[in-house]
file run.tsv (TSV, C-alpha atoms)
chain	number	residue	atom	x	y	z
J	71	ASP	CA	0.00	0.00	0.00
J	72	GLY	CA	2.00	2.97	-1.29
J	73	GLY	CA	1.63	6.42	0.09
J	74	ILE	CA	2.83	9.19	2.35
J	75	THR	CA	2.38	9.03	6.08
J	76	GLN	CA	2.67	11.82	8.59
J	77	SER	CA	2.65	11.54	12.32
J	78	PRO	CA	1.24	12.51	14.63
J	79	LYS	CA	-2.09	13.74	13.27
J	80	TYR	CA	-2.48	16.24	16.11
J	81	LEU	CA	0.32	17.70	18.23
J	82	PHE	CA	0.13	20.04	21.18
J	83	ARG	CA	3.20	21.77	22.58
J	84	LYS	CA	4.07	24.52	24.98
J	85	GLU	CA	5.74	27.65	23.69
J	86	GLY	CA	9.53	27.41	23.75
J	87	GLN	CA	9.69	23.69	22.97
J	88	ASN	CA	11.10	22.23	19.78
J	89	VAL	CA	8.94	19.63	18.07
J	90	THR	CA	9.65	17.21	15.22
J	91	LEU	CA	7.04	16.19	12.66
J	92	SER	CA	7.48	12.92	10.84
J	93	CYS	CA	7.01	12.33	7.10
J	94	GLU	CA	7.62	8.96	5.42
J	95	GLN	CA	6.91	7.83	1.85
J	96	ASN	CA	7.17	4.46	0.14
J	97	LEU	CA	6.52	5.73	-3.39
J	98	ASN	CA	10.23	5.76	-4.27
J	99	HIS	CA	9.94	9.48	-4.93
J	100	ASP	CA	13.13	11.51	-5.03
J	101	ALA	CA	11.65	14.89	-4.11
J	102	MET	CA	9.98	15.75	-0.82
J	103	TYR	CA	8.45	19.00	0.41
J	104	TRP	CA	7.14	20.62	3.56
J	105	TYR	CA	4.34	23.19	3.44
J	106	ARG	CA	2.49	25.17	6.01
J	107	GLN	CA	-1.20	26.10	5.68
J	108	ASP	CA	-2.91	28.77	7.75
J	109	PRO	CA	-6.66	29.52	7.65
J	110	GLY	CA	-7.58	31.43	4.51
J	111	GLN	CA	-4.04	31.17	3.19
J	112	GLY	CA	-2.49	29.21	0.39
J	113	LEU	CA	0.17	26.62	0.99
J	114	ARG	CA	3.57	28.10	1.71
J	115	LEU	CA	6.78	26.18	1.08
J	116	ILE	CA	9.06	25.70	4.08
J	117	TYR	CA	11.79	23.34	2.82
J	118	TYR	CA	12.30	20.92	-0.02
J	119	SER	CA	14.72	18.16	-0.90
J	120	GLN	CA	15.53	16.67	-4.28
J	121	ILE	CA	18.02	14.01	-3.16
J	122	VAL	CA	19.29	12.41	0.01
J	123	ASN	CA	21.54	14.60	2.17
J	124	ASP	CA	20.55	17.74	0.29
J	125	PHE	CA	17.75	20.23	0.93
J	126	GLN	CA	16.90	23.86	0.20
J	127	LYS	CA	15.01	26.58	1.97
J	128	GLY	CA	11.60	27.55	0.72
J	129	ASP	CA	9.80	30.82	1.19
J	130	ILE	CA	9.33	30.62	4.97
J	131	ALA	CA	12.24	28.55	6.33
J	132	GLU	CA	13.04	30.73	9.35
J	133	GLY	CA	12.43	28.85	12.59
J	134	TYR	CA	12.38	25.43	10.91
J	135	SER	CA	14.96	22.75	10.20
J	136	VAL	CA	14.94	19.51	8.21
J	137	SER	CA	17.08	16.50	7.45
J	138	ARG	CA	17.11	13.98	4.59
J	139	GLU	CA	19.22	11.04	5.69
J	140	LYS	CA	17.06	8.48	3.91
J	141	LYS	CA	15.13	8.71	0.65
J	142	GLU	CA	11.94	7.68	2.41
J	143	SER	CA	12.06	10.15	5.28
J	144	PHE	CA	12.00	13.95	5.56
J	145	PRO	CA	11.34	15.06	9.15
J	146	LEU	CA	10.62	18.70	9.99
J	147	THR	CA	11.62	20.32	13.28
J	148	VAL	CA	9.70	23.37	14.40
J	149	THR	CA	12.04	25.25	16.69
J	150	SER	CA	11.29	27.73	19.45
J	151	ALA	CA	12.52	30.45	17.07
J	152	GLN	CA	9.40	30.06	14.91
J	153	LYS	CA	7.19	32.94	16.05
J	154	ASN	CA	3.81	31.58	14.97
J	155	PRO	CA	4.11	27.79	14.83
J	156	THR	CA	0.44	26.92	15.18
J	157	ALA	CA	-0.62	25.69	11.73
J	158	PHE	CA	-1.49	22.71	9.55
J	159	TYR	CA	1.74	21.13	8.27
J	160	LEU	CA	1.69	19.18	5.02
J	161	CYS	CA	4.36	16.94	3.58
J	162	ALA	CA	4.40	16.13	-0.12
J	163	SER	CA	6.50	14.08	-2.49
J	164	ALA	CA	7.08	13.96	-6.24
J	165	SER	CA	8.87	11.72	-8.67
J	166	ASP	CA	11.92	13.41	-10.15
J	167	ARG	CA	11.43	11.96	-13.60
J	168	GLY	CA	10.15	15.00	-15.46
J	169	ARG	CA	6.83	14.87	-13.66
J	170	THR	CA	6.01	17.55	-11.12
J	171	GLU	CA	2.77	16.26	-9.65
J	172	GLN	CA	3.07	16.47	-5.90
J	173	TYR	CA	1.16	14.11	-3.65
J	174	PHE	CA	0.34	15.03	-0.09
J	175	GLY	CA	0.32	13.18	3.17
J	176	PRO	CA	-2.60	13.54	5.59
J	177	GLY	CA	-1.00	16.43	7.49
J	178	THR	CA	-0.14	17.25	11.09
J	179	ARG	CA	-2.09	19.89	12.95
J	180	LEU	CA	0.27	21.59	15.42
J	181	THR	CA	-1.02	23.77	18.24
J	182	VAL	CA	1.44	25.71	20.40
J	183	THR	CA	0.21	27.49	23.50
F	276	GLN	CA	6.57	38.24	-6.84
F	277	LYS	CA	5.18	35.22	-8.62
F	278	GLU	CA	1.49	34.87	-7.85
F	279	VAL	CA	-1.46	32.61	-8.43
F	280	GLU	CA	-4.85	34.23	-8.02
F	281	GLN	CA	-8.18	32.58	-7.37
F	282	ASN	CA	-11.58	33.92	-6.40
F	283	SER	CA	-12.01	32.84	-2.79
F	284	GLY	CA	-15.75	32.28	-3.17
F	285	PRO	CA	-17.79	30.75	-1.87
F	286	LEU	CA	-19.09	29.59	-5.22
F	287	SER	CA	-22.51	28.06	-4.82
F	288	VAL	CA	-24.08	25.88	-7.53
F	289	PRO	CA	-27.12	23.60	-7.52
F	290	GLU	CA	-26.68	19.85	-7.76
F	291	GLY	CA	-26.34	18.75	-11.38
F	292	ALA	CA	-25.04	22.11	-12.61
F	293	ILE	CA	-21.60	22.91	-14.04
F	294	ALA	CA	-19.18	24.51	-11.59
F	295	SER	CA	-16.52	26.74	-13.15
F	296	LEU	CA	-13.39	27.56	-11.16
F	297	ASN	CA	-10.83	30.03	-12.42
F	298	CYS	CA	-7.19	30.77	-11.80
F	299	THR	CA	-4.73	33.31	-13.17
F	300	TYR	CA	-0.97	33.30	-12.77
F	301	SER	CA	1.67	35.96	-13.13
F	302	ASP	CA	4.74	34.11	-14.43
F	303	ARG	CA	4.62	33.71	-18.19
F	304	GLY	CA	7.32	31.01	-17.94
F	305	SER	CA	5.05	28.66	-15.98
F	306	GLN	CA	5.04	25.21	-17.49
F	307	SER	CA	2.63	22.97	-15.65
F	308	PHE	CA	-0.63	23.47	-13.85
F	309	PHE	CA	-2.54	21.51	-11.27
F	310	TRP	CA	-5.87	21.42	-9.53
F	311	TYR	CA	-6.16	20.02	-6.03
F	312	ARG	CA	-9.32	19.37	-4.05
F	313	GLN	CA	-9.19	19.89	-0.28
F	314	TYR	CA	-12.00	18.86	2.01
F	315	SER	CA	-12.29	20.72	5.30
F	316	GLY	CA	-9.66	19.52	7.75
F	317	LYS	CA	-8.01	17.23	5.19
F	318	SER	CA	-4.95	17.43	2.98
F	319	PRO	CA	-5.04	18.41	-0.71
F	320	GLU	CA	-5.76	15.70	-3.26
F	321	LEU	CA	-4.50	16.03	-6.84
F	322	ILE	CA	-7.41	15.82	-9.28
F	323	MET	CA	-6.09	17.27	-12.55
F	324	SER	CA	-2.82	18.23	-14.19
F	325	ILE	CA	-2.44	20.05	-17.51
F	326	TYR	CA	0.70	20.92	-19.41
F	327	SER	CA	-0.34	22.27	-22.82
F	328	ASN	CA	-2.90	24.72	-24.14
F	329	GLY	CA	-6.41	23.43	-24.60
F	330	ASP	CA	-8.73	21.16	-22.71
F	331	LYS	CA	-8.07	17.98	-20.76
F	332	GLU	CA	-10.99	15.85	-19.64
F	333	ASP	CA	-11.09	13.23	-16.90
F	334	GLY	CA	-14.54	11.97	-16.02
F	335	ARG	CA	-16.65	14.90	-14.81
F	336	PHE	CA	-13.62	17.19	-14.64
F	337	THR	CA	-12.22	19.32	-17.46
F	338	ALA	CA	-9.13	21.47	-17.09
F	339	GLN	CA	-8.62	24.30	-19.56
F	340	LEU	CA	-5.33	26.11	-20.12
F	341	ASN	CA	-4.66	29.32	-22.04
F	342	LYS	CA	-1.01	30.28	-21.67
F	343	ALA	CA	-1.37	33.46	-23.74
F	344	SER	CA	-3.96	34.75	-21.27
F	345	GLN	CA	-2.17	33.14	-18.28
F	346	TYR	CA	-5.40	31.51	-17.30
F	347	VAL	CA	-6.34	28.02	-16.18
F	348	SER	CA	-9.78	26.79	-15.25
F	349	LEU	CA	-11.52	23.71	-13.91
F	350	LEU	CA	-15.02	22.71	-14.94
F	351	ILE	CA	-16.97	20.18	-12.90
F	352	ARG	CA	-19.96	18.76	-14.76
F	353	ASP	CA	-23.00	17.27	-13.02
F	354	SER	CA	-21.85	18.73	-9.69
F	355	GLN	CA	-22.60	16.62	-6.64
F	356	PRO	CA	-22.80	17.63	-2.96
F	357	SER	CA	-19.67	15.50	-2.47
F	358	ASP	CA	-17.81	17.97	-4.70
F	359	SER	CA	-18.23	20.63	-2.00
F	360	ALA	CA	-14.65	21.48	-1.03
F	361	THR	CA	-11.94	24.05	-1.54
F	362	TYR	CA	-10.18	23.82	-4.90
F	363	LEU	CA	-6.54	24.86	-5.04
F	364	CYS	CA	-4.82	25.93	-8.23
F	365	ALA	CA	-1.07	25.29	-8.34
F	366	VAL	CA	1.47	26.40	-10.93
F	367	ASN	CA	4.95	25.06	-11.55
F	368	LEU	CA	7.39	27.78	-12.49
F	369	GLY	CA	9.63	25.54	-14.53
F	370	GLY	CA	13.17	24.40	-14.00
F	371	SER	CA	14.27	21.19	-12.37
F	372	GLN	CA	13.08	21.83	-8.87
F	373	GLY	CA	9.38	21.21	-9.30
F	374	ASN	CA	8.38	23.96	-6.92
F	375	LEU	CA	4.71	24.84	-6.98
F	376	ILE	CA	3.06	28.15	-6.22
F	377	PHE	CA	-0.44	27.70	-4.80
F	378	GLY	CA	-3.44	29.96	-4.95
F	379	LYS	CA	-5.47	30.47	-1.80
F	380	GLY	CA	-8.28	28.34	-3.14
F	381	THR	CA	-11.92	28.69	-4.14
F	382	LYS	CA	-14.54	27.24	-1.83
F	383	LEU	CA	-17.26	25.41	-3.76
F	384	SER	CA	-20.64	24.57	-2.28
F	385	VAL	CA	-22.99	22.26	-4.20
F	386	LYS	CA	-26.55	22.53	-2.92
F	387	PRO	CA	-28.84	19.45	-3.13
call {"tool": "encode", "arguments": {"input": "run.tsv", "output": "structure tokens"}}
result
Amino acid sequence: DGGITQSPKYLFRKEGQNVTLSCEQNLNHDAMYWYRQDPGQGLRLIYYSQIVNDFQKGDIAEGYSVSREKKESFPLTVTSAQKNPTAFYLCASASDRGRTEQYFGPGTRLTVT
Amino acid sequence: QKEVEQNSGPLSVPEGAIASLNCTYSDRGSQSFFWYRQYSGKSPELIMSIYSNGDKEDGRFTAQLNKASQYVSLLIRDSQPSDSATYLCAVNLGGSQGNLIFGKGTKLSVKP
């Protein structure tokens, strides 16, 4: 059963704590992406990775960090430096074979109080 | 600033009617175009992709692309209440990175 999984579905944290969101895919996709979605807003790109051990900042990378140690995994850490971390976080992947369709995981809803 | 614009809606259509969703984009170099459907509280689901000018049909969905006018649309025929969702337009700017720029979405409501 191929797809993208994200965990947890809901996450609650206190302000000042770092938190790591998991994203795993078994589609053999090379490219992986992290987006943030706020109410009434479009998706905004946080980080993306085209190959293992390489990643680039997106439009809103400040306060976030990522790693890509395995092709299947692209975890996102929301650090205490992120000023407004409460949001819906979406992970996506795409095959790097001339196709740019991105497929999304189910998302993680993070609430920081 | 590369932008993708959509009417936020809500767009309300009766069941069985044709729903027409529109999207304009600012970057003339954009090469590929996508429509995603997002139900409330869920993640986006890819429903259509289009790469060349003209129409592309898939079941009840038709995507239309006009690169000269920088305009892409999605038609939903025989709209059903289950089509009620927010529809996101996404545009790929080209190059090898595959980065998409998303519009804010149009909320569609299909009334029984």
call {"tool": "axis_aligned_box", "arguments": {"input": "run.tsv", "around": "stretch 295-310 of chain F", "padding_each_side": "4 Å", "output": "lines of an AutoDock Vina configuration file"}}
result
center_x = -4.6
center_y = 28.7
center_z = -13.9
size_x = 31.8
size_y = 22.5
size_z = 16.7
call {"tool": "closest_residue", "arguments": {"input": "run.tsv", "among": "J:Ser77, J:Ser165, J:Asn98, J:Ser92", "to": "chain F", "atoms": "only C-alpha atoms"}}
result
J:Ser165
call {"tool": "residues_near_point", "arguments": {"input": "run.tsv", "point": "(-0.7, 34.2, -20.6)", "cutoff": "12 Å", "atoms": "all atoms listed in the file", "output": "ChimeraX atom specification"}}
result
/F:298-306,328,340-347
call {"tool": "residues_near_point", "arguments": {"input": "run.tsv", "point": "(12.8, 28.7, 9.9)", "cutoff": "10 Å", "atoms": "all atoms listed in the file", "output": "mmCIF file with C-alpha atoms, in the frame of the given file"}}
result
data_model
loop_
_atom_site.group_PDB
_atom_site.id
_atom_site.type_symbol
_atom_site.label_atom_id
_atom_site.label_comp_id
_atom_site.auth_asym_id
_atom_site.auth_seq_id
_atom_site.Cartn_x
_atom_site.Cartn_y
_atom_site.Cartn_z
ATOM 1 C CA ILE J 116 9.060 25.700 4.080
ATOM 2 C CA TYR J 117 11.790 23.340 2.820
ATOM 3 C CA LYS J 127 15.010 26.580 1.970
ATOM 4 C CA GLY J 128 11.600 27.550 0.720
ATOM 5 C CA ASP J 129 9.800 30.820 1.190
ATOM 6 C CA ILE J 130 9.330 30.620 4.970
ATOM 7 C CA ALA J 131 12.240 28.550 6.330
ATOM 8 C CA GLU J 132 13.040 30.730 9.350
ATOM 9 C CA GLY J 133 12.430 28.850 12.590
ATOM 10 C CA TYR J 134 12.380 25.430 10.910
ATOM 11 C CA SER J 135 14.960 22.750 10.200
ATOM 12 C CA VAL J 136 14.940 19.510 8.210
ATOM 13 C CA THR J 147 11.620 20.320 13.280
ATOM 14 C CA VAL J 148 9.700 23.370 14.400
ATOM 15 C CA THR J 149 12.040 25.250 16.690
ATOM 16 C CA SER J 150 11.290 27.730 19.450
ATOM 17 C CA ALA J 151 12.520 30.450 17.070
ATOM 18 C CA GLN J 152 9.400 30.060 14.910
ATOM 19 C CA LYS J 153 7.190 32.940 16.050
#
call {"tool": "closest_atom_pairs", "arguments": {"input": "run.tsv", "of": "chain F", "to": "chain J", "cutoff": "7 Å", "atoms": "all atoms listed in the file", "output": "Markdown table"}}
result
| residue | atom | partner | partner_atom | distance |
| --- | --- | --- | --- | --- |
| F:Lys317 | CA | J:Pro176 | CA | 6.6 |
| F:Ser318 | CA | J:Pro176 | CA | 5.2 |
| F:Pro319 | CA | J:Phe174 | CA | 6.4 |
| F:Glu320 | CA | J:Phe174 | CA | 6.9 |
| F:Leu321 | CA | J:Tyr173 | CA | 6.8 |
| F:Gly373 | CA | J:Thr170 | CA | 5.3 |
| F:Phe377 | CA | J:Gly112 | CA | 5.8 |
| F:Gly378 | CA | J:Gly112 | CA | 5.5 |
| F:Lys379 | CA | J:Gly112 | CA | 3.9 |
| F:Gly380 | CA | J:Gly112 | CA | 6.8 |
call {"tool": "residues_around", "arguments": {"input": "run.tsv", "residues": "J:Thr183", "least_positions_apart": "4", "cutoff": "9 Å", "atoms": "all atoms listed in the file", "output": "PyMOL selection string"}}
result
chain J and resi 82-85+156
call {"tool": "residues_around", "arguments": {"input": "run.tsv", "residues": "J:Lys140", "least_positions_apart": "3", "cutoff": "9 Å", "atoms": "all atoms listed in the file", "output": "PyMOL selection string"}}
result
chain J and resi 122-123+137+143-144
call {"tool": "atom_distance", "arguments": {"input": "run.tsv", "atom1": "atom CA of F:Phe309", "atom2": "atom CA of F:Pro289"}}
result
25.0 Å
call {"tool": "atom_distance", "arguments": {"input": "run.tsv", "atom1": "atom CA of J:Met102", "atom2": "atom CA of F:Lys277"}}
result
21.5 Å
call {"tool": "residues_around", "arguments": {"input": "run.tsv", "residues": "F:Val385", "least_positions_apart": "2", "cutoff": "6 Å", "atoms": "only C-alpha atoms", "output": "MDAnalysis selection string"}}
result
chainID F and resid 287:290 356 359
call {"tool": "residues_around", "arguments": {"input": "run.tsv", "residues": "F:Met323", "least_positions_apart": "2", "cutoff": "12 Å", "atoms": "all atoms listed in the file", "output": "ChimeraX atom specification"}}
result
/J:171-173 /F:307-312,319-321,325-326,330-340,347-351,362-366
call {"tool": "atom_distance", "arguments": {"input": "run.tsv", "atom1": "atom CA of J:Ser163", "atom2": "atom CA of J:Leu91"}}
result
15.3 Å
